[in-house]
>>> print(open('run06.txt').read())   # compact mmCIF, C-alpha atoms
# COMPACT_ATOMS: atom_id res chain seq x y z
CA MET Z 1286 149.56 111.09 23.61
CA LYS Z 1287 147.05 112.10 21.00
CA ILE Z 1288 147.58 114.86 18.47
CA ILE Z 1289 144.61 117.17 19.00
CA ALA Z 1290 145.54 119.83 16.45
CA ARG Z 1291 148.25 121.15 14.18
CA ILE Z 1292 149.47 124.71 13.88
CA ARG Z 1293 149.88 126.53 10.57
CA THR Z 1294 152.62 129.14 10.54
CA ASP Z 1295 154.82 130.91 8.01
CA PHE Z 1296 157.84 128.79 8.98
CA PRO Z 1297 158.24 125.58 6.98
CA GLU Z 1298 161.65 125.05 8.58
CA LYS Z 1299 163.06 125.40 12.07
CA PHE Z 1300 165.76 127.84 11.07
CA GLY Z 1301 164.50 131.42 11.30
CA LEU Z 1302 162.01 130.80 14.14
CA PRO Z 1303 162.26 132.97 17.25
CA ARG Z 1304 163.86 131.14 20.16
CA GLN Z 1305 160.87 131.55 22.43
CA SER Z 1306 157.22 132.37 22.12
CA GLY Z 1307 156.03 135.95 22.56
CA LEU Z 1308 159.33 137.50 21.48
CA VAL Z 1309 158.02 138.50 18.05
CA GLU Z 1310 154.42 139.45 18.60
CA GLY Z 1311 153.55 139.87 14.93
CA LEU Z 1312 154.16 136.22 14.04
CA LYS Z 1313 150.78 134.56 13.64
CA GLY Z 1314 149.64 130.99 13.63
CA LYS Z 1315 146.38 129.15 13.08
CA ILE Z 1316 145.48 126.14 15.18
CA VAL Z 1317 143.45 123.64 13.20
CA PHE Z 1318 141.99 120.76 15.21
CA GLU Z 1319 142.13 117.17 14.10
CA PRO Z 1320 138.70 115.91 12.99
CA GLU Z 1321 137.91 114.19 16.32
CA TYR Z 1322 138.44 117.45 18.24
CA ARG Z 1323 136.50 119.85 15.97
CA VAL Z 1324 133.99 120.67 18.68
CA PRO Z 1325 133.31 124.39 19.25
CA GLU Z 1326 132.00 123.73 22.80
CA ALA Z 1327 135.55 122.77 23.81
CA LEU Z 1328 136.47 126.47 23.39
CA ARG Z 1329 133.58 127.92 25.41
CA GLY Z 1330 134.92 130.76 27.57
CA ILE Z 1331 138.35 130.84 25.94
CA GLU Z 1332 137.76 134.38 24.58
CA GLY Z 1333 138.03 135.67 28.16
CA PHE Z 1334 141.76 134.87 28.18
CA SER Z 1335 144.38 137.02 26.51
CA HIS Z 1336 147.04 134.31 26.32
CA LEU Z 1337 147.21 130.55 25.90
CA TRP Z 1338 149.75 127.84 26.59
CA LEU Z 1339 150.45 125.44 23.78
CA ILE Z 1340 152.02 122.11 24.59
CA TRP Z 1341 153.38 120.58 21.43
CA GLN Z 1342 155.76 118.06 19.95
CA PHE Z 1343 159.28 119.04 18.95
CA SER Z 1344 158.57 117.01 15.83
CA GLU Z 1345 161.84 118.05 14.17
CA ALA Z 1346 163.94 117.15 17.21
CA LEU Z 1347 163.00 113.50 17.74
CA ARG Z 1348 166.02 111.47 18.77
CA PRO Z 1349 166.27 107.94 20.09
CA THR Z 1350 168.59 108.93 22.97
CA TRP Z 1351 168.98 111.94 25.24
CA SER Z 1352 171.98 114.00 26.22
CA PRO Z 1353 172.27 115.45 29.75
CA THR Z 1354 173.77 118.67 28.40
CA VAL Z 1355 173.04 120.92 25.43
CA ARG Z 1356 174.64 124.05 23.92
CA PRO Z 1357 172.20 126.96 24.01
CA PRO Z 1358 172.60 129.21 20.94
CA ARG Z 1359 172.16 132.23 23.19
CA LEU Z 1360 175.37 131.36 24.98
CA GLY Z 1361 177.22 131.38 21.68
CA GLY Z 1362 176.68 127.71 20.96
CA ASN Z 1363 179.87 126.54 22.66
CA LYS Z 1364 178.95 126.37 26.36
CA ARG Z 1365 177.22 123.29 27.76
CA MET Z 1366 174.23 123.61 30.08
CA GLY Z 1367 172.08 120.92 31.71
CA VAL Z 1368 169.13 120.09 29.50
CA PHE Z 1369 166.69 120.82 32.36
CA ALA Z 1370 168.21 124.31 32.71
CA THR Z 1371 167.30 125.09 29.08
CA ARG Z 1372 164.34 125.07 26.75
CA SER Z 1373 166.32 123.12 24.14
CA PRO Z 1374 164.22 120.86 21.90
CA PHE Z 1375 166.62 117.99 22.53
CA ARG Z 1376 165.23 116.61 25.80
CA PRO Z 1377 164.14 113.23 27.15
CA ASN Z 1378 160.56 113.92 26.03
CA PRO Z 1379 160.29 116.15 22.96
CA ILE Z 1380 157.68 118.48 24.46
CA GLY Z 1381 157.58 122.18 23.65
CA LEU Z 1382 155.86 124.85 25.72
CA SER Z 1383 154.81 128.18 24.22
CA CYS Z 1384 152.86 131.12 25.54
CA VAL Z 1385 150.97 132.77 22.69
CA LYS Z 1386 148.49 135.61 22.45
CA LEU Z 1387 144.93 134.62 21.65
CA GLU Z 1388 143.73 136.70 18.70
CA GLY Z 1389 140.37 134.95 18.34
CA TRP Z 1390 138.71 131.92 16.85
CA GLU Z 1391 136.11 131.23 14.19
CA MET Z 1392 134.19 128.35 12.73
CA THR Z 1393 135.50 127.21 9.35
CA ASP Z 1394 135.06 124.25 7.03
CA GLU Z 1395 137.74 122.61 9.18
CA GLY Z 1396 135.90 123.23 12.45
CA PRO Z 1397 136.90 125.89 14.98
CA VAL Z 1398 140.23 127.51 14.10
CA ILE Z 1399 142.11 129.55 16.71
CA THR Z 1400 144.35 132.44 15.61
CA VAL Z 1401 147.30 133.14 17.89
CA SER Z 1402 150.33 135.44 17.71
CA GLY Z 1403 153.84 135.43 19.12
CA ILE Z 1404 154.50 131.95 17.81
CA ASP Z 1405 157.83 130.11 17.81
CA ILE Z 1406 156.56 126.94 16.17
CA MET Z 1407 157.10 125.35 12.78
CA ASP Z 1408 154.31 124.92 10.27
CA GLY Z 1409 152.47 121.61 10.74
CA THR Z 1410 153.66 120.98 14.29
CA PRO Z 1411 151.43 118.60 16.30
CA ILE Z 1412 149.71 120.15 19.32
CA TYR Z 1413 148.99 118.02 22.40
CA ASP Z 1414 147.21 120.53 24.59
CA ILE Z 1415 145.88 124.09 24.79
CA LYS Z 1416 145.50 125.66 28.23
CA PRO Z 1417 144.52 129.17 29.31
CA TYR Z 1418 147.29 131.37 30.75
CA LEU Z 1419 146.24 132.09 34.33
CA PRO Z 1420 147.88 135.36 35.41
CA HIS Z 1421 147.48 134.64 39.13
CA ALA Z 1422 149.37 131.37 38.82
CA ASP Z 1423 151.59 131.74 35.72
CA CYS Z 1424 152.85 135.32 35.88
CA LYS Z 1425 155.85 135.56 38.24
CA PRO Z 1426 157.09 139.14 38.19
CA ASP Z 1427 159.84 138.30 40.71
CA ALA Z 1428 161.20 135.33 38.78
CA THR Z 1429 164.87 135.44 37.86
CA GLY Z 1430 166.03 133.95 34.64
CA GLY Z 1431 169.56 132.64 34.99
CA PHE Z 1432 171.64 132.93 31.87
CA SER Z 1433 168.55 133.74 29.82
CA THR Z 1434 168.27 137.27 31.28
CA ASP Z 1435 171.27 138.73 29.52
CA ALA Z 1436 170.57 136.73 26.42
CA ALA Z 1437 167.13 138.31 26.19
CA LYS Z 1438 168.63 141.78 25.89
CA TYR Z 1439 170.88 140.90 22.95
CA SER Z 1440 169.80 142.35 19.64
CA LEU Z 1441 171.19 143.24 16.22
CA ASP Z 1442 170.64 146.28 14.04
CA VAL Z 1443 168.76 145.23 10.91
CA VAL Z 1444 169.30 146.66 7.44
CA ILE Z 1445 166.90 145.69 4.65
CA PRO Z 1446 167.54 147.54 1.38
CA THR Z 1447 164.30 149.16 0.14
CA GLU Z 1448 164.21 147.22 -3.13
CA LEU Z 1449 164.37 143.95 -1.18
CA GLU Z 1450 161.88 144.96 1.49
CA GLU Z 1451 159.34 145.84 -1.24
CA LYS Z 1452 159.40 142.22 -2.37
CA ILE Z 1453 158.10 141.11 1.03
CA GLU Z 1454 154.39 140.88 1.76
CA GLU Z 1455 153.53 144.08 3.62
CA LYS Z 1456 152.09 142.53 6.78
CA LEU Z 1457 155.15 140.34 7.18
CA ARG Z 1458 157.68 143.20 7.09
CA ALA Z 1459 157.51 144.39 10.69
CA PRO Z 1460 157.59 140.88 12.22
CA LEU Z 1461 160.51 140.01 9.93
CA ARG Z 1462 162.54 142.97 11.20
CA GLU Z 1463 161.85 142.00 14.78
CA LEU Z 1464 162.73 138.41 14.09
CA LEU Z 1465 166.01 139.31 12.42
CA SER Z 1466 167.00 141.69 15.23
CA GLN Z 1467 166.99 138.69 17.57
CA ASP Z 1468 169.64 136.95 15.50
CA PRO Z 1469 168.36 133.69 14.07
CA ARG Z 1470 171.88 132.25 13.69
CA PRO Z 1471 172.61 129.02 15.57
CA GLY Z 1472 175.59 130.63 17.39
CA TYR Z 1473 177.45 133.89 17.44
CA ALA Z 1474 180.19 132.70 15.12
CA GLU Z 1475 181.67 135.88 13.63
CA ASP Z 1476 181.99 135.34 9.91
CA GLY Z 1477 180.75 138.41 8.13
CA ASP Z 1478 180.96 136.72 4.72
CA ARG Z 1479 178.74 133.80 5.54
CA VAL Z 1480 175.27 133.97 3.97
CA TYR Z 1481 172.42 132.50 6.02
CA GLY Z 1482 169.01 131.76 4.56
CA PHE Z 1483 165.57 130.77 5.74
CA THR Z 1484 162.01 130.64 4.49
CA TYR Z 1485 159.36 132.98 5.86
CA GLY Z 1486 155.95 132.62 4.26
CA ARG Z 1487 156.65 132.52 0.51
CA HIS Z 1488 159.91 134.42 0.89
CA GLU Z 1489 163.43 133.02 0.86
CA ILE Z 1490 165.40 135.48 2.98
CA SER Z 1491 169.21 135.63 2.79
CA PHE Z 1492 171.31 137.67 5.18
CA THR Z 1493 174.79 138.28 6.54
CA VAL Z 1494 175.87 139.50 9.98
CA ALA Z 1495 178.89 141.65 10.77
CA ASP Z 1496 179.73 144.02 13.64
CA GLY Z 1497 176.32 143.81 15.29
CA THR Z 1498 174.40 144.52 12.08
CA LEU Z 1499 172.31 142.03 10.15
CA THR Z 1500 171.94 142.89 6.45
CA VAL Z 1501 169.39 141.22 4.22
CA CYS Z 1502 171.21 140.50 0.96
CA ASP Z 1503 168.55 138.71 -1.05
CA VAL Z 1504 164.82 137.97 -1.10
CA LYS Z 1505 163.41 135.35 -3.47
CA ASN Z 1506 159.69 134.75 -3.71
CA ASN Z 1507 158.26 131.28 -4.24
CA LYS Z 1508 155.30 130.58 -6.53
CA MET T 1288 156.39 109.68 26.62
CA LYS T 1289 158.92 108.56 29.18
CA ILE T 1290 158.57 109.14 32.89
CA ILE T 1291 161.75 110.98 33.83
CA ALA T 1292 161.00 111.50 37.53
CA ARG T 1293 158.35 111.33 40.22
CA ILE T 1294 157.46 114.01 42.72
CA ARG T 1295 157.12 113.37 46.45
CA THR T 1296 154.64 115.60 48.22
CA ASP T 1297 152.50 115.59 51.38
CA PHE T 1298 149.35 114.83 49.38
CA PRO T 1299 148.57 111.13 48.94
CA GLU T 1300 145.18 112.05 47.46
CA LYS T 1301 143.93 114.64 45.02
CA PHE T 1302 141.45 116.17 47.43
CA GLY T 1303 143.05 118.94 49.45
CA LEU T 1304 145.55 120.02 46.79
CA PRO T 1305 145.62 123.69 45.76
CA ARG T 1306 143.94 124.25 42.41
CA GLN T 1307 147.03 125.73 40.82
CA SER T 1308 150.72 125.83 41.45
CA GLY T 1309 152.26 128.76 43.31
CA LEU T 1310 149.09 129.57 45.25
CA VAL T 1311 150.37 128.06 48.50
CA GLU T 1312 154.08 128.80 48.56
CA GLY T 1313 154.84 126.71 51.63
CA LEU T 1314 153.87 123.41 50.03
CA LYS T 1315 157.07 121.57 49.18
CA GLY T 1316 157.87 118.71 46.90
CA LYS T 1317 160.92 116.65 46.05
CA ILE T 1318 161.61 115.56 42.50
CA VAL T 1319 163.33 112.19 42.38
CA PHE T 1320 164.58 111.11 38.96
CA GLU T 1321 164.05 107.65 37.54
CA PRO T 1322 167.31 105.65 37.50
CA GLU T 1323 168.05 106.36 33.81
CA TYR T 1324 167.89 110.14 34.41
CA ARG T 1325 169.97 110.37 37.59
CA VAL T 1326 172.64 112.48 35.93
CA PRO T 1327 173.68 115.62 37.81
CA GLU T 1328 175.04 117.24 34.61
CA ALA T 1329 171.45 117.46 33.34
CA LEU T 1330 170.86 120.14 36.01
CA ARG T 1331 173.94 122.26 35.26
CA GLY T 1332 172.96 125.92 35.46
CA ILE T 1333 169.50 125.30 36.88
CA GLU T 1334 170.37 127.11 40.14
CA GLY T 1335 170.32 130.38 38.20
CA PHE T 1336 166.55 130.13 37.80
CA SER T 1337 164.09 130.98 40.54
CA HIS T 1338 161.18 129.02 39.07
CA LEU T 1339 160.65 125.88 37.02
CA TRP T 1340 157.90 124.46 34.86
CA LEU T 1341 156.89 120.90 35.56
CA ILE T 1342 155.03 118.99 32.87
CA TRP T 1343 153.44 115.94 34.40
CA GLN T 1344 150.79 113.30 34.04
CA PHE T 1345 147.33 113.75 35.56
CA SER T 1346 147.74 110.17 36.67
CA GLU T 1347 144.53 110.21 38.70
CA ALA T 1348 142.46 111.64 35.87
CA LEU T 1349 143.07 109.09 33.13
CA ARG T 1350 139.90 108.45 31.14
CA PRO T 1351 139.37 106.59 27.90
CA THR T 1352 137.25 109.37 26.37
CA TRP T 1353 137.22 113.16 26.51
CA SER T 1354 134.44 115.64 27.16
CA PRO T 1355 134.43 119.02 25.34
CA THR T 1356 133.19 120.79 28.48
CA VAL T 1357 134.03 120.59 32.18
CA ARG T 1358 132.67 122.19 35.37
CA PRO T 1359 135.39 124.26 37.06
CA PRO T 1360 135.09 124.09 40.88
CA ARG T 1361 135.89 127.80 41.03
CA LEU T 1362 132.66 128.56 39.19
CA GLY T 1363 130.72 126.66 41.82
CA GLY T 1364 130.88 123.33 40.04
CA ASN T 1365 127.66 123.81 38.08
CA LYS T 1366 128.70 125.91 35.08
CA ARG T 1367 130.19 124.27 32.01
CA MET T 1368 133.26 125.70 30.29
CA GLY T 1369 135.18 124.46 27.27
CA VAL T 1370 137.97 122.14 28.35
CA PHE T 1371 140.57 124.28 26.53
CA ALA T 1372 139.40 127.33 28.51
CA THR T 1373 140.25 125.55 31.78
CA ARG T 1374 143.13 123.79 33.48
CA SER T 1375 140.89 120.83 34.33
CA PRO T 1376 142.69 117.47 34.58
CA PHE T 1377 140.05 115.90 32.37
CA ARG T 1378 141.39 116.77 28.93
CA PRO T 1379 142.21 114.91 25.70
CA ASN T 1380 145.80 114.40 26.87
CA PRO T 1381 146.19 114.15 30.66
CA ILE T 1382 149.05 116.65 30.86
CA GLY T 1383 149.48 118.97 33.83
CA LEU T 1384 151.52 122.18 33.85
CA SER T 1385 152.81 123.70 37.10
CA CYS T 1386 155.08 126.61 37.86
CA VAL T 1387 157.01 125.92 41.04
CA LYS T 1388 159.73 127.71 42.93
CA LEU T 1389 163.17 126.12 42.82
CA GLU T 1390 164.46 125.74 46.37
CA GLY T 1391 167.62 123.85 45.44
CA TRP T 1392 168.94 120.43 44.60
CA GLU T 1393 171.40 117.99 46.14
CA MET T 1394 172.98 114.67 45.40
CA THR T 1395 171.45 111.77 47.33
CA ASP T 1396 171.52 107.98 47.25
CA GLU T 1397 168.78 108.33 44.65
CA GLY T 1398 170.77 110.70 42.45
CA PRO T 1399 170.11 114.44 42.19
CA VAL T 1400 166.93 115.44 44.02
CA ILE T 1401 165.31 118.84 43.35
CA THR T 1402 163.33 120.56 46.10
CA VAL T 1403 160.53 122.83 44.87
CA SER T 1404 157.73 124.77 46.56
CA GLY T 1405 154.30 125.98 45.59
CA ILE T 1406 153.26 122.53 44.42
CA ASP T 1407 149.77 121.42 43.38
CA ILE T 1408 150.70 117.83 42.59
CA MET T 1409 149.90 114.51 44.25
CA ASP T 1410 152.55 112.33 45.83
CA GLY T 1411 154.08 109.92 43.32
CA THR T 1412 152.95 111.80 40.20
CA PRO T 1413 155.02 111.01 37.08
CA ILE T 1414 156.98 113.95 35.65
CA TYR T 1415 157.59 114.18 31.89
CA ASP T 1416 159.66 117.33 31.71
CA ILE T 1417 161.33 120.07 33.76
CA LYS T 1418 161.98 123.42 32.08
CA PRO T 1419 163.30 126.71 33.43
CA TYR T 1420 160.81 129.56 33.80
CA LEU T 1421 162.04 132.27 31.43
CA PRO T 1422 160.77 135.63 32.71
CA HIS T 1423 161.22 137.40 29.37
CA ALA T 1424 159.01 134.86 27.61
CA ASP T 1425 156.74 133.39 30.31
CA CYS T 1426 155.82 136.37 32.49
CA LYS T 1427 152.95 138.33 30.90
CA PRO T 1428 152.03 141.17 33.25
CA ASP T 1429 149.30 142.37 30.85
CA ALA T 1430 147.61 139.00 30.52
CA THR T 1431 143.94 138.83 31.42
CA GLY T 1432 142.51 135.78 33.02
CA GLY T 1433 138.88 135.35 32.03
CA PHE T 1434 136.76 133.76 34.71
CA SER T 1435 139.84 132.80 36.70
CA THR T 1436 140.52 136.41 37.77
CA ASP T 1437 137.61 136.71 40.18
CA ALA T 1438 138.01 133.14 41.30
CA ALA T 1439 141.58 133.87 42.35
CA LYS T 1440 140.41 136.52 44.83
CA TYR T 1441 138.00 134.21 46.62
CA SER T 1442 139.08 133.12 50.08
CA LEU T 1443 137.67 131.79 53.35
CA ASP T 1444 138.42 132.70 56.94
CA VAL T 1445 140.09 129.74 58.64
CA VAL T 1446 139.55 128.68 62.26
CA ILE T 1447 141.77 125.97 63.73
CA PRO T 1448 141.18 125.36 67.46
CA THR T 1449 144.50 125.52 69.35
CA GLU T 1450 144.32 121.95 70.64
CA LEU T 1451 143.91 120.69 67.07
CA GLU T 1452 146.58 122.93 65.56
CA GLU T 1453 149.08 121.63 68.13
CA LYS T 1454 148.64 118.13 66.73
CA ILE T 1455 149.95 119.32 63.35
CA GLU T 1456 153.65 119.24 62.50
CA GLU T 1457 154.86 122.79 63.05
CA LYS T 1458 156.28 123.48 59.60
CA LEU T 1459 153.04 122.33 57.99
CA ARG T 1460 150.79 124.71 59.95
CA ALA T 1461 151.20 127.90 57.91
CA PRO T 1462 150.84 126.16 54.52
CA LEU T 1463 147.78 124.33 55.85
CA ARG T 1464 146.07 127.60 56.78
CA GLU T 1465 146.79 129.05 53.37
CA LEU T 1466 145.56 125.91 51.67
CA LEU T 1467 142.32 125.86 53.64
CA SER T 1468 141.66 129.56 52.99
CA GLN T 1469 141.48 128.74 49.29
CA ASP T 1470 138.60 126.34 49.86
CA PRO T 1471 139.50 122.80 48.89
CA ARG T 1472 135.86 121.77 48.39
CA PRO T 1473 134.90 120.54 44.92
CA GLY T 1474 132.15 123.20 44.61
CA TYR T 1475 130.61 125.94 46.70
CA ALA T 1476 127.66 123.83 47.84
CA GLU T 1477 126.45 125.48 51.04
CA ASP T 1478 125.93 122.74 53.60
CA GLY T 1479 127.42 123.86 56.89
CA ASP T 1480 126.94 120.42 58.46
CA ARG T 1481 128.89 118.49 55.90
CA VAL T 1482 132.30 117.31 57.11
CA TYR T 1483 135.07 117.20 54.51
CA GLY T 1484 138.34 115.39 55.06
CA PHE T 1485 141.71 115.04 53.41
CA THR T 1486 145.21 113.81 54.16
CA TYR T 1487 148.11 116.22 54.51
CA GLY T 1488 151.42 114.63 55.43
CA ARG T 1489 150.57 112.22 58.25
CA HIS T 1490 147.53 114.26 59.29
CA GLU T 1491 143.89 113.50 58.54
CA ILE T 1492 142.24 116.90 58.52
CA SER T 1493 138.46 117.26 58.88
CA PHE T 1494 136.63 120.55 58.38
CA THR T 1495 133.28 122.20 57.82
CA VAL T 1496 132.44 125.41 55.95
CA ALA T 1497 129.66 127.86 56.82
CA ASP T 1498 129.14 131.57 56.10
CA GLY T 1499 132.58 132.12 54.59
CA THR T 1500 134.43 130.46 57.47
CA LEU T 1501 136.22 127.13 57.33
CA THR T 1502 136.55 125.42 60.72
CA VAL T 1503 138.84 122.48 61.32
CA CYS T 1504 136.85 120.04 63.46
CA ASP T 1505 139.26 117.14 63.79
CA VAL T 1506 142.90 116.19 63.24
CA LYS T 1507 143.98 112.55 63.38
CA ASN T 1508 147.61 111.58 63.07
CA ASN T 1509 148.71 108.46 61.22
CA LYS T 1510 151.49 106.19 62.44
>>> encode(input="run06.txt", output="structure tokens")
Amino acid sequence: MKIIARIRTDFPEKFGLPRQSGLVEGLKGKIVFEPEYRVPEALRGIEGFSHLWLIWQFSEALRPTWSPTVRPPRLGGNKRMGVFATRSPFRPNPIGLSCVKLEGWEMTDEGPVITVSGIDIMDGTPIYDIKPYLPHADCKPDATGGFSTDAAKYSLDVVIPTELEEKIEEKLRAPLRELLSQDPRPGYAEDGDRVYGFTYGRHEISFTVADGTLTVCDVKNNK
Amino acid sequence: MKIIARIRTDFPEKFGLPRQSGLVEGLKGKIVFEPEYRVPEALRGIEGFSHLWLIWQFSEALRPTWSPTVRPPRLGGNKRMGVFATRSPFRPNPIGLSCVKLEGWEMTDEGPVITVSGIDIMDGTPIYDIKPYLPHADCKPDATGGFSTDAAKYSLDVVIPTELEEKIEEKLRAPLRELLSQDPRPGYAEDGDRVYGFTYGRHEISFTVADGTLTVCDVKNNK
């Protein structure tokens, strides 16, 4: 498997990322090809598609062995499901699959760079393949989603005090709210005093969660 | 990349296969795990999902080099598109992506075996990963499909003389008709005299195409 590109996103760490692609539309990424693949002809016709599949490496989840079951965070982190019934990164082959929106592409000093949105991928992640989303084959309006259906409806109220929100880059504010409403915590452990933190762009975001409300309690800006 | 399973289908060759998954619902496949992955717990909860993603190897399309453009058969086979704007098997990494319907799974002498339908994969193809289809993330009803949209509407009338149809295993007849209506030819070259052939199950199917009608002209049965 060759790395054809890497994605640049505002998430230097796994914690804080949405759990699936497309859930937070405002989160953007830039796909920068490796030198061998900087060929604009390889993208001819891609602008006709609204969405793309990215197949990528769970580069932060590489493990020498595999476990038949995993604990999905959306089930509270304490119930075991078969690995093939989840999208967990801890699988026999560390392959991720994301459906992202194609915003456009342009030629740069680094060759053609594709801008996408709705990402759920860490900064620097290796990309193995980019495929167009084919509505007639990939969109299954009758599909049923097992335990993921209820989990998808779950959301938190988000409180960001004005003085903290003003420290955040303006274009990142709306995606951040959406992201936080989906509860980035690894499980639903109820401990209202616990402070969680993650990095989003140049911001270090700290928050607590109690009674269905997520409150941002600190924002530190790097650089 | 480890091979976790292989799929068994009625298609010993590439020719004849639908061009995407889900287009011919009656085409079934059985996923048989490699010995190391014959662990039923790995499927716990999978029955709650109606559809699965299969990530597999284009094992018949392995090439030492890559070409930035390809000629999609659905564009007549003479127009070049960027490889990342197509689902062509000839790509930098030979990875296929199929959305199939989950019919069920059972324990067998070969461990847990998953039955799926809507396949577009050759018999014996190595599988790298199986993931649940998550409607809230994977189903994009607003997605637009570029050149694939028109191509998806294209279909042929199919004529199978009764005496030939009777030679075909009954449960394979309806899927065969659907398959043929989608035009398995590599391009739209109009040559009404040319006889095309492919293997489906134990049947060798021969056909011609003229004026929008595909006519089966011979069926030979193996064994």
>>> closest_residue(input="run06.txt", among="T:Gly1303, T:Pro1322, T:Pro1351, T:Gly1432", to="His1490 (chain T)", atoms="only C-alpha atoms")
T:Gly1303
>>> interface_residues(input="run06.txt", of="chain Z", to="chain T", cutoff="8 Å", atoms="only C-alpha atoms", output="mmCIF file with C-alpha atoms, keeping the file's coordinate frame")
data_model
loop_
_atom_site.group_PDB
_atom_site.id
_atom_site.type_symbol
_atom_site.label_atom_id
_atom_site.label_comp_id
_atom_site.auth_asym_id
_atom_site.auth_seq_id
_atom_site.Cartn_x
_atom_site.Cartn_y
_atom_site.Cartn_z
ATOM 1 C CA MET Z 1286 149.560 111.090 23.610
ATOM 2 C CA LYS Z 1287 147.050 112.100 21.000
ATOM 3 C CA ILE Z 1289 144.610 117.170 19.000
ATOM 4 C CA GLN Z 1305 160.870 131.550 22.430
ATOM 5 C CA SER Z 1306 157.220 132.370 22.120
ATOM 6 C CA GLY Z 1307 156.030 135.950 22.560
ATOM 7 C CA LEU Z 1308 159.330 137.500 21.480
ATOM 8 C CA VAL Z 1324 133.990 120.670 18.680
ATOM 9 C CA GLU Z 1326 132.000 123.730 22.800
ATOM 10 C CA ALA Z 1327 135.550 122.770 23.810
ATOM 11 C CA LEU Z 1328 136.470 126.470 23.390
ATOM 12 C CA ARG Z 1329 133.580 127.920 25.410
ATOM 13 C CA GLY Z 1330 134.920 130.760 27.570
ATOM 14 C CA ILE Z 1331 138.350 130.840 25.940
ATOM 15 C CA GLU Z 1332 137.760 134.380 24.580
ATOM 16 C CA GLY Z 1333 138.030 135.670 28.160
ATOM 17 C CA PHE Z 1334 141.760 134.870 28.180
ATOM 18 C CA SER Z 1335 144.380 137.020 26.510
ATOM 19 C CA HIS Z 1336 147.040 134.310 26.320
ATOM 20 C CA SER Z 1352 171.980 114.000 26.220
ATOM 21 C CA PRO Z 1353 172.270 115.450 29.750
ATOM 22 C CA THR Z 1354 173.770 118.670 28.400
ATOM 23 C CA MET Z 1366 174.230 123.610 30.080
ATOM 24 C CA GLY Z 1367 172.080 120.920 31.710
ATOM 25 C CA VAL Z 1368 169.130 120.090 29.500
ATOM 26 C CA PHE Z 1369 166.690 120.820 32.360
ATOM 27 C CA ALA Z 1370 168.210 124.310 32.710
ATOM 28 C CA THR Z 1371 167.300 125.090 29.080
ATOM 29 C CA ARG Z 1372 164.340 125.070 26.750
ATOM 30 C CA PRO Z 1377 164.140 113.230 27.150
ATOM 31 C CA ASN Z 1378 160.560 113.920 26.030
ATOM 32 C CA ILE Z 1380 157.680 118.480 24.460
ATOM 33 C CA CYS Z 1384 152.860 131.120 25.540
ATOM 34 C CA TYR Z 1413 148.990 118.020 22.400
ATOM 35 C CA ASP Z 1414 147.210 120.530 24.590
ATOM 36 C CA ILE Z 1415 145.880 124.090 24.790
ATOM 37 C CA LYS Z 1416 145.500 125.660 28.230
ATOM 38 C CA PRO Z 1417 144.520 129.170 29.310
ATOM 39 C CA TYR Z 1418 147.290 131.370 30.750
ATOM 40 C CA LEU Z 1419 146.240 132.090 34.330
ATOM 41 C CA PRO Z 1420 147.880 135.360 35.410
ATOM 42 C CA HIS Z 1421 147.480 134.640 39.130
ATOM 43 C CA ALA Z 1422 149.370 131.370 38.820
ATOM 44 C CA ASP Z 1423 151.590 131.740 35.720
ATOM 45 C CA CYS Z 1424 152.850 135.320 35.880
ATOM 46 C CA LYS Z 1425 155.850 135.560 38.240
ATOM 47 C CA PRO Z 1426 157.090 139.140 38.190
ATOM 48 C CA ALA Z 1428 161.200 135.330 38.780
ATOM 49 C CA THR Z 1429 164.870 135.440 37.860
ATOM 50 C CA GLY Z 1430 166.030 133.950 34.640
ATOM 51 C CA GLY Z 1431 169.560 132.640 34.990
ATOM 52 C CA PHE Z 1432 171.640 132.930 31.870
ATOM 53 C CA SER Z 1433 168.550 133.740 29.820
ATOM 54 C CA THR Z 1434 168.270 137.270 31.280
ATOM 55 C CA ALA Z 1437 167.130 138.310 26.190
#
>>> residues_around(input="run06.txt", residues="Val1400 (chain T)", least_positions_apart="2", cutoff="10 Å", atoms="only C-alpha atoms", output="list in words")
Ala1292, Ile1294, Lys1317, Ile1318, Val1319, Phe1320, Arg1325, Pro1327, Gly1391, Trp1392, Glu1393, Met1394, Thr1395, Asp1396, Glu1397, Gly1398, Thr1402 and Val1403 of chain T
>>> residues_around(input="run06.txt", residues="region 1492-1504 of chain Z", least_positions_apart="5", cutoff="12 Å", atoms="all atoms listed in the file", output="ChimeraX atom specification")
/Z:1301,1439-1454,1461-1470,1472-1487
>>> atom_distance(input="run06.txt", atom1="CA of Val1309 (chain Z)", atom2="CA of Met1407 (chain Z)")
14.2 Å
>>> atom_distance(input="run06.txt", atom1="CA of Pro1460 (chain Z)", atom2="CA of Leu1312 (chain Z)")
6.1 Å
>>> atom_distance(input="run06.txt", atom1="CA of Ile1490 (chain Z)", atom2="CA of Lys1364 (chain Z)")
28.5 Å
>>> decode(input="run06.txt", residues="region 1443-1454 of chain Z", atoms="C-alpha atoms", output="compact mmCIF listing (two decimals), in the first residue's frame")
# COMPACT_ATOMS: atom_id res chain seq x y z
CA VAL Z 1443 -23.15 23.67 24.48
CA VAL Z 1444 -22.29 26.74 26.53
CA ILE Z 1445 -19.30 28.87 25.52
CA PRO Z 1446 -18.92 32.04 27.60
CA THR Z 1447 -18.62 35.08 25.30
CA GLU Z 1448 -15.17 36.08 26.52
CA LEU Z 1449 -13.87 32.60 25.67
CA GLU Z 1450 -15.63 32.34 22.32
CA GLU Z 1451 -14.05 35.66 21.25
CA LYS Z 1452 -10.62 34.07 21.62
CA ILE Z 1453 -11.50 31.53 18.93
CA GLU Z 1454 -10.86 32.21 15.25
